[in-house]
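Participant: Would you mind keeping the following structure in view while I ask a few things?
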Amino acid sequence: MNKLLVFQSDFGLVDGAVAAMYGVAHEVDRDLRTYDLTHDIKPFNIWEASYRLFQALEYWPTDTVFVSVVDPGVGSKRKSVVAKTAKGQLIVTPDNGTLTHLKKFIGITEVREIEESKHRRKDSEHSHTFHGRDVYAFTGAKLASQTISFEEVGPELTVEGIVEVVLGEVFKTEDSIRGSIDILDVRFGSLWTNITREDFNEMGFDYGERIEVIIKNGPTMVYNNRITFGKSFADVYASEPIIYINSLYRVAVAINQGNFARAYNIGTGIHWAIEFRRLEEK
Amino acid sequence: MNKLLVFQSDFGLVDGAVAAMYGVAHEVDRDLRTYDLTHDIKPFNIWEASYRLFQALEYWPTDTVFVSVVDPGVGSKRKSVVAKTAKGQLIVTPDNGTLTHLKKFIGITEVREIEESKHRRKDSEHSHTFHGRDVYAFTGAKLASQTISFEEVGPELTVEGIVEVVLGEVFKTEDSIRGSIDILDVRFGSLWTNITREDFNEMGFDYGERIEVIIKNGPTMVYNNRITFGKSFADVYASEPIIYINSLYRVAVAINQGNFARAYNIGTGIHWAIEFRRLEEK
Amino acid sequence: MNKLLVFQSDFGLVDGAVAAMYGVAHEVDRDLRTYDLTHDIKPFNIWEASYRLFQALEYWPTDTVFVSVVDPGVGSKRKSVVAKTAKGQLIVTPDNGTLTHLKKFIGITEVREIEESKHRRKDSEHSHTFHGRDVYAFTGAKLASQTISFEEVGPELTVEGIVEVVLGEVFKTEDSIRGSIDILDVRFGSLWTNITREDFNEMGFDYGERIEVIIKNGPTMVYNNRITFGKSFADVYASEPIIYINSLYRVAVAINQGNFARAYNIGTGIHWAIEFRRLEEK
């Protein structure tokens, strides 16, 4: 039985690049079930590629094969690998940091380097800029169709050696918790922080409580106001900001039916610090 | 045999939200055939969600299951429902107006409230902001895979009680017909009105006839000129405006190979009135 | 066994037009495997439609059916056709230039006109503006599901008679080669020229060599500088421009991890000339 094959890239859907990968996959096995995670990762943005895999992967069957192609180093010595998660899912990707969130939050148990001499599309020897089509889609399709096993991908590498990007940290005091803004819920402009529900709960905040929120971009104060902690958007007025636990069980900040990030020009990354501080008057 | 499952949302395709819904659906049944209506409904725009369902639904097989997630009231007391159309298609959606056009123009014969205690994804009890993933995709997949029947969704509600948004009206005199601009044919900037082919035909306009067109945004005149009524774009010059019957059999206005909405800054909604008036000189 | 069915259009994914075509196809045969090439062809841009087919088609199985709907002449006397390529793939399209690149670079062996009286969706007789849904998706689905054969599409036309758009030419001297900028690798802003790898190789340039590049928009000089010829992006610094052979084996120019087209306001078309000239000092 074929496994599901899910693609992610920074190619966009405007030209024929994604369709070329799909074609290669269905040339390997026309009955493959192929799906998209997203192809709108910002060009070269490895952080986003890593986060989106973490965001979506756990909802898919445990034997799903993912192909992620955000590959600014195509043609360099960066390795092409297949990683296996603790649950058994496979990810075909350049080893450039794309596996960071999965390694930390889901767990990677094994990783193998793709032997290009065996797993490169026929007649692609003069093509040096599109490993997504020539190597990754091709290898992912062979894995999903069970034409090859994980072991046949190539030699084993160490999980410790997987390239990682730097993740933000979380700092707690008695009265405050501070993390960074990992990513946006793009369409709605909500800020998704790296602070987990568990860490936030330890602060003892109650639903309905107003909390001081301070957002800084490096040393620069960008936002400082009081926001209600709610269970869901319906707990505040339309147009009112809210602190809530998002669908990945992390602390998030939004404007109900508005766009927080756009309203205050908020960005993402480990230099975007966000602090939640208990108010004196409580 | 599995039914087709078609998704619509205002999530966009930029992040992992749609892929999470797809994953949940394929976790219910990996062989499901899943498709998209659109995920580019403007955030929180229930009108558009309602219209796009109306626009596309009738071309799909009569047992198709649709999941529509435009859900500004997530976490409020708005109900989660499954509606059955006169032709037998099912729509899984928050009951917030999304069913308006289907109820009026296609017909809804039955509606049931989703019993969340039975039809909520396992381990999602702390998630209060993503019913699209935790309830709607999950329930839609169970219906499409025939794991549950329509009757097992939950208790029956009355069709009369379905929440509706306000639709525009059509007014006729001997010499003119006036309606509102429902929506744009987005890429081409054509105006799609709420005036049906039947109502327009009763005016007795002929192909090739020039008709006076008046567009107002509330009390403000935005456009007033004469436009030829044609069968298709080929009946006028490139760059010339045209009145025509669109692919949903409603009156529309376009610029052949141009963009009418952008040319004259035209918007949509019941406060955007459009009138077609017989010219004196005829 | 069903063949794969791949759609391309200039409809975008924002409204319900593509979903209507998908619905029609699955109404013909619910088990069809349907995929997208792209729906973001610029409105009415036949050149792009022609190029994207050429870019993606060869990676798909040889019996795949493509439906391409970029159709500014809908309702005019332009013909609706199905073309067969040298490899056996079928393309359902208006005969308006969309087949240009395939005819020149892949080869078209046969073309037939769609007999609309036989291959038009039931109840669509009052619809004159959406042949994509009413004729092309419907005919493509019947071909992919083998409900009809290629011969049953309609009468044969001559391959010579296929409508073509004008392609750019390539000029060589001893020290230079000049072509035009066919298209962009959209997300990354790379320029894809019409100069093939073979023609470029005949110039005898070496990897690592610096080459003078001159870009003109009609008579106007837009860019003139020296760029390194590399095998892949990794051969230059991040932020450095590079000349390389792209994934379609044509000469391309990019900024490694930047956007060349945006940096210098470069467009596409046969009036955008690009010349590569051997440097004196070599």
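Identifiers in this document derive from the order of the structure tokens: chains are assigned A, B, ..., residues are numbered from 1 separately in each chain, and ligands are numbered from 1 in order of occurrence.
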How would you write, as a list in words, the set of residues in range 59-249 of chain C that DSSP gives as alpha helix (DSSP H)?
Facilitator: Thr100, His101, His131, Ala137, Phe138, Thr139, Gly140, Ala141, Lys142, Leu143, Ala144, Arg197, Glu198, Asp199, Phe200 and Asn201 of chain C
Participant: Could you name the residues that touch Leu157 in chain C at 9 Å or less, counting only C-alpha atoms, but leaving out those on the same chain fewer than 4 positions away, as a PyMOL selection string?
Facilitator: chain C and resi 81+110-113+161-162
Participant: Would you give me, as a ChimeraX atom specification, the residues of chain B that come within 8 Å of chain C, using only C-alpha atoms?
Facilitator: /B:4,36-41,52-53,55-57,59-61,185-188,231-235,245-249,257
Participant: Which neighbours of range 172-179 of chain A fall inside 9 Å, counting only C-alpha atoms, when residues of the same chain fewer than 5 positions from it are skipped, and could you give them as a list of chain:residue names?
Facilitator: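 Neighbouring residues, sequence-local ones excluded: A:Thr193, A:Asn194, A:Ile195, A:Asp199, A:Phe200, A:Met203, A:Ile270, A:Trp272, A:Ala273, A:Ile274, A:Glu275, A:Phe276, A:Arg277, A:Arg278, A:Leu279.
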Participant: Got a sec: who's within 7 Å of Phe66 in chain C, counting only C-alpha atoms, leaving out chain neighbours fewer than 6 positions off, as a PDB file with N, CA and C atoms, in the first residue's frame?
Facilitator:
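Below you can see part_36.pdb, which holds the result:
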ATOM      1  N   LEU C   5      -4.833  13.778 -14.860  1.00  0.00           N
ATOM      2  CA  LEU C   5      -5.402  14.979 -15.477  1.00  0.00           C
ATOM      3  C   LEU C   5      -4.826  16.198 -14.743  1.00  0.00           C
ATOM      4  N   VAL C   6      -4.156  17.065 -15.497  1.00  0.00           N
ATOM      5  CA  VAL C   6      -3.437  18.200 -14.902  1.00  0.00           C
ATOM      6  C   VAL C   6      -3.992  19.513 -15.458  1.00  0.00           C
ATOM      7  N   PHE C   7      -4.363  20.425 -14.563  1.00  0.00           N
ATOM      8  CA  PHE C   7      -4.982  21.685 -14.971  1.00  0.00           C
ATOM      9  C   PHE C   7      -4.023  22.870 -14.893  1.00  0.00           C
ATOM     10  N   LEU C  90      -1.551  14.487 -24.047  1.00  0.00           N
ATOM     11  CA  LEU C  90      -2.597  15.279 -24.703  1.00  0.00           C
ATOM     12  C   LEU C  90      -2.744  16.628 -24.011  1.00  0.00           C
ATOM     13  N   ILE C  91      -3.011  17.672 -24.790  1.00  0.00           N
ATOM     14  CA  ILE C  91      -3.259  19.000 -24.224  1.00  0.00           C
ATOM     15  C   ILE C  91      -4.574  19.533 -24.794  1.00  0.00           C
ATOM     16  N   VAL C  92      -5.509  19.824 -23.871  1.00  0.00           N
ATOM     17  CA  VAL C  92      -6.806  20.398 -24.235  1.00  0.00           C
ATOM     18  C   VAL C  92      -6.707  21.903 -24.017  1.00  0.00           C
TER      19      VAL C  92
END
Participant: Expressed in Å to a single decimal, how great is the separation between CA of Lys142 in chain A and CA of Ile46 in chain A?
Facilitator: 24.7 Å
Participant: Skipping near chain neighbours, those fewer than 5 positions away, what residues fall within 9 Å of Ile255 in chain A using only C-alpha atoms, listed as a list in words?
Facilitator: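 Those residues are Phe188, Gly189, Ser190, Phe233, Ala238, Ser239, Glu240, Pro241, Ile242, Ile243, Phe260, Ala261 and Ala263 of chain A.
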Participant: Grab the residues selected above and save them as a short mmCIF file (atom, residue, chain, number, x, y, z; two decimals), in the first residue's frame with all heavy atoms.
Facilitator:
data_model
loop_
_atom_site.label_atom_id
_atom_site.label_comp_id
_atom_site.auth_asym_id
_atom_site.auth_seq_id
_atom_site.Cartn_x
_atom_site.Cartn_y
_atom_site.Cartn_z
N PHE A 188 -4.11 35.96 9.83
CA PHE A 188 -4.81 36.66 10.89
C PHE A 188 -3.89 37.56 11.71
O PHE A 188 -4.33 38.27 12.58
CB PHE A 188 -5.53 35.64 11.77
CG PHE A 188 -6.45 34.76 10.97
CD1 PHE A 188 -6.08 33.48 10.59
CD2 PHE A 188 -7.68 35.24 10.54
CE1 PHE A 188 -6.91 32.69 9.81
CE2 PHE A 188 -8.53 34.46 9.76
CZ PHE A 188 -8.14 33.17 9.40
N GLY A 189 -2.59 37.50 11.40
CA GLY A 189 -1.64 38.38 12.07
C GLY A 189 -1.45 38.10 13.54
O GLY A 189 -1.01 38.98 14.30
N SER A 190 -1.78 36.89 13.97
CA SER A 190 -1.57 36.54 15.38
C SER A 190 -0.10 36.19 15.61
O SER A 190 0.55 35.63 14.74
CB SER A 190 -2.43 35.33 15.75
OG SER A 190 -3.75 35.50 15.28
N PHE A 233 -11.28 33.56 21.10
CA PHE A 233 -11.55 34.93 20.67
C PHE A 233 -12.90 35.44 21.18
O PHE A 233 -13.08 36.63 21.41
CB PHE A 233 -11.48 35.02 19.15
CG PHE A 233 -10.16 34.56 18.63
CD1 PHE A 233 -10.03 33.40 17.90
CD2 PHE A 233 -9.01 35.29 18.93
CE1 PHE A 233 -8.79 32.97 17.45
CE2 PHE A 233 -7.76 34.87 18.48
CZ PHE A 233 -7.66 33.70 17.74
N ALA A 238 -14.96 42.00 19.58
CA ALA A 238 -14.32 42.13 18.28
C ALA A 238 -13.45 43.38 18.36
O ALA A 238 -13.84 44.36 18.98
CB ALA A 238 -15.36 42.27 17.17
N SER A 239 -12.27 43.35 17.76
CA SER A 239 -11.33 44.47 17.75
C SER A 239 -10.52 44.59 19.04
O SER A 239 -9.71 45.51 19.18
CB SER A 239 -12.01 45.82 17.49
OG SER A 239 -12.94 45.71 16.46
N GLU A 240 -10.73 43.68 20.00
CA GLU A 240 -9.97 43.75 21.25
C GLU A 240 -8.82 42.73 21.19
O GLU A 240 -8.99 41.64 20.69
CB GLU A 240 -10.90 43.41 22.43
CG GLU A 240 -10.27 43.71 23.78
CD GLU A 240 -11.22 43.42 24.95
OE1 GLU A 240 -12.44 43.31 24.74
OE2 GLU A 240 -10.69 43.29 26.07
N PRO A 241 -7.65 43.09 21.74
CA PRO A 241 -6.56 42.11 21.76
C PRO A 241 -6.81 41.03 22.80
O PRO A 241 -7.58 41.21 23.75
CB PRO A 241 -5.33 42.94 22.11
CG PRO A 241 -5.82 44.20 22.69
CD PRO A 241 -7.22 44.42 22.21
N ILE A 242 -6.16 39.90 22.63
CA ILE A 242 -6.34 38.76 23.53
C ILE A 242 -5.05 37.94 23.58
O ILE A 242 -4.35 37.81 22.58
CB ILE A 242 -7.52 37.87 23.06
CG1 ILE A 242 -7.70 36.66 23.97
CG2 ILE A 242 -7.37 37.44 21.61
CD1 ILE A 242 -8.97 35.86 23.69
N ILE A 243 -4.75 37.45 24.79
CA ILE A 243 -3.71 36.43 24.96
C ILE A 243 -4.42 35.09 25.04
O ILE A 243 -5.41 34.97 25.77
CB ILE A 243 -2.92 36.66 26.27
CG1 ILE A 243 -2.24 38.03 26.26
CG2 ILE A 243 -1.92 35.53 26.50
CD1 ILE A 243 -1.80 38.48 27.67
N PHE A 260 -3.01 41.73 14.61
CA PHE A 260 -2.09 42.29 15.59
C PHE A 260 -0.74 42.66 14.97
O PHE A 260 -0.22 43.76 15.17
CB PHE A 260 -1.88 41.29 16.74
CG PHE A 260 -1.31 41.93 17.98
CD1 PHE A 260 -2.12 42.28 19.04
CD2 PHE A 260 0.06 42.20 18.07
CE1 PHE A 260 -1.59 42.87 20.19
CE2 PHE A 260 0.59 42.80 19.21
CZ PHE A 260 -0.23 43.13 20.27
N ALA A 261 -0.18 41.75 14.18
CA ALA A 261 1.15 41.99 13.61
C ALA A 261 1.16 43.23 12.73
O ALA A 261 2.09 44.03 12.78
CB ALA A 261 1.60 40.77 12.81
N ALA A 263 -1.08 45.71 12.84
CA ALA A 263 -1.44 46.88 13.63
C ALA A 263 -0.21 47.52 14.28
O ALA A 263 -0.11 48.74 14.38
CB ALA A 263 -2.46 46.50 14.70
#
Participant: Extract the full set of strand (DSSP E or B) residues from range 27-275 of chain C according to DSSP on the backbone, and format it as a ChimeraX atom specification.
Facilitator: /C:33-36,65-69,80-85,90-94,108-113,156-157,171-172,176-185,190-196,210-217,220-229,241-245,250-255,269-275
Participant: Just want the 10 Å neighbourhood of Leu167 in chain B, counted on only C-alpha atoms, with same-chain residues fewer than 5 positions away dropped. Output as a list in words.
Facilitator: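 Final neighbour list, sorted by chain and number: Trp47, Thr100, His101, Lys104, Ser180, Asp182, Asn194, Gly269 and Ile270 of chain B.
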Participant: Only all heavy atoms, please: the residues just picked out, written as a short mmCIF file (atom, residue, chain, number, x, y, z; two decimals), in the first residue's frame.
Facilitator:
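Output file out-v4.cif follows:
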data_model
loop_
_atom_site.label_atom_id
_atom_site.label_comp_id
_atom_site.auth_asym_id
_atom_site.auth_seq_id
_atom_site.Cartn_x
_atom_site.Cartn_y
_atom_site.Cartn_z
N TRP B 47 -19.84 36.26 3.99
CA TRP B 47 -20.52 36.46 2.73
C TRP B 47 -19.81 35.73 1.59
O TRP B 47 -20.42 34.98 0.83
CB TRP B 47 -20.63 37.96 2.42
CG TRP B 47 -21.12 38.24 1.04
CD1 TRP B 47 -20.41 38.17 -0.13
CD2 TRP B 47 -22.45 38.60 0.67
NE1 TRP B 47 -21.20 38.48 -1.19
CE2 TRP B 47 -22.46 38.75 -0.73
CE3 TRP B 47 -23.61 38.83 1.39
CZ2 TRP B 47 -23.61 39.12 -1.43
CZ3 TRP B 47 -24.76 39.20 0.69
CH2 TRP B 47 -24.75 39.33 -0.70
N THR B 100 -26.14 30.80 3.71
CA THR B 100 -27.16 31.70 3.18
C THR B 100 -27.51 31.45 1.71
O THR B 100 -28.67 31.23 1.36
CB THR B 100 -26.71 33.16 3.34
OG1 THR B 100 -26.43 33.41 4.73
CG2 THR B 100 -27.79 34.12 2.86
N HIS B 101 -26.50 31.51 0.82
CA HIS B 101 -26.79 31.38 -0.60
C HIS B 101 -27.30 29.98 -0.95
O HIS B 101 -28.20 29.83 -1.78
CB HIS B 101 -25.55 31.71 -1.44
CG HIS B 101 -25.22 33.18 -1.47
ND1 HIS B 101 -24.50 33.80 -0.48
CD2 HIS B 101 -25.52 34.15 -2.37
CE1 HIS B 101 -24.37 35.09 -0.77
NE2 HIS B 101 -24.97 35.33 -1.91
N LYS B 104 -30.96 29.75 -0.01
CA LYS B 104 -31.86 30.51 -0.87
C LYS B 104 -31.90 29.98 -2.31
O LYS B 104 -32.96 29.93 -2.93
CB LYS B 104 -31.45 31.98 -0.88
CG LYS B 104 -32.25 32.82 -1.87
CD LYS B 104 -32.46 34.23 -1.43
CE LYS B 104 -33.40 34.95 -2.40
NZ LYS B 104 -33.43 36.38 -2.18
N SER B 180 -27.55 44.62 -6.81
CA SER B 180 -26.30 44.98 -6.14
C SER B 180 -25.17 44.10 -6.66
O SER B 180 -25.40 43.12 -7.36
CB SER B 180 -26.45 44.87 -4.62
OG SER B 180 -26.98 43.62 -4.26
N ASP B 182 -22.64 41.50 -6.08
CA ASP B 182 -22.45 40.43 -5.11
C ASP B 182 -20.98 40.15 -4.84
O ASP B 182 -20.56 39.95 -3.71
CB ASP B 182 -23.07 39.14 -5.65
CG ASP B 182 -24.50 38.94 -5.18
OD1 ASP B 182 -24.94 39.71 -4.31
OD2 ASP B 182 -25.17 38.03 -5.68
N ASN B 194 -26.38 40.54 -8.53
CA ASN B 194 -27.38 39.58 -8.04
C ASN B 194 -28.60 39.49 -8.97
O ASN B 194 -29.61 38.92 -8.58
CB ASN B 194 -27.82 39.98 -6.62
CG ASN B 194 -28.58 41.29 -6.61
OD1 ASN B 194 -28.47 42.10 -7.55
ND2 ASN B 194 -29.34 41.53 -5.56
N GLY B 269 -20.94 44.24 -2.20
CA GLY B 269 -21.79 44.26 -1.02
C GLY B 269 -23.13 44.88 -1.37
O GLY B 269 -23.29 45.48 -2.44
N ILE B 270 -24.07 44.78 -0.44
CA ILE B 270 -25.43 45.22 -0.78
C ILE B 270 -25.55 46.73 -0.87
O ILE B 270 -26.53 47.25 -1.39
CB ILE B 270 -26.47 44.65 0.22
CG1 ILE B 270 -26.13 45.08 1.64
CG2 ILE B 270 -26.53 43.14 0.13
CD1 ILE B 270 -27.19 44.65 2.65
#
Participant: Provide the CA of Val163 in chain C to CA of Gly97 in chain C distance in Å, to one decimal place.
Facilitator: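 CA of Gly97 in chain C lies 4.9 Å from CA of Val163 in chain C.
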Participant: For a test of reading the model, state the distance in Å between CA of Glu125 in chain B and CA of Val67 in chain B, rounded to one decimal.
Facilitator: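 According to the coordinates, CA of Glu125 in chain B and CA of Val67 in chain B are separated by 20.8 Å.
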Participant: For Asp63 in chain A, list every protein, DNA or RNA residue within 9 Å, evaluated using only C-alpha atoms, and leave out those in the same chain fewer than 6 positions away; present the list as a PDB file with C-alpha atoms, in the first residue's frame.
Facilitator:
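Okay, result-v7.pdb is ready:
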ATOM      1  CA  LYS A   3       2.133   5.875   1.780  1.00  0.00           C
ATOM      2  CA  LEU A   4       1.051   9.483   1.552  1.00  0.00           C
ATOM      3  CA  LYS A  87       6.541   8.281  15.326  1.00  0.00           C
ATOM      4  CA  GLY A  88       7.940   6.818  12.109  1.00  0.00           C
ATOM      5  CA  GLN A  89       7.327   9.601   9.601  1.00  0.00           C
ATOM      6  CA  LEU A  90      10.085  10.293   7.060  1.00  0.00           C
ATOM      7  CA  ALA A 144       6.301   6.456  -0.406  1.00  0.00           C
TER       8      ALA A 144
END
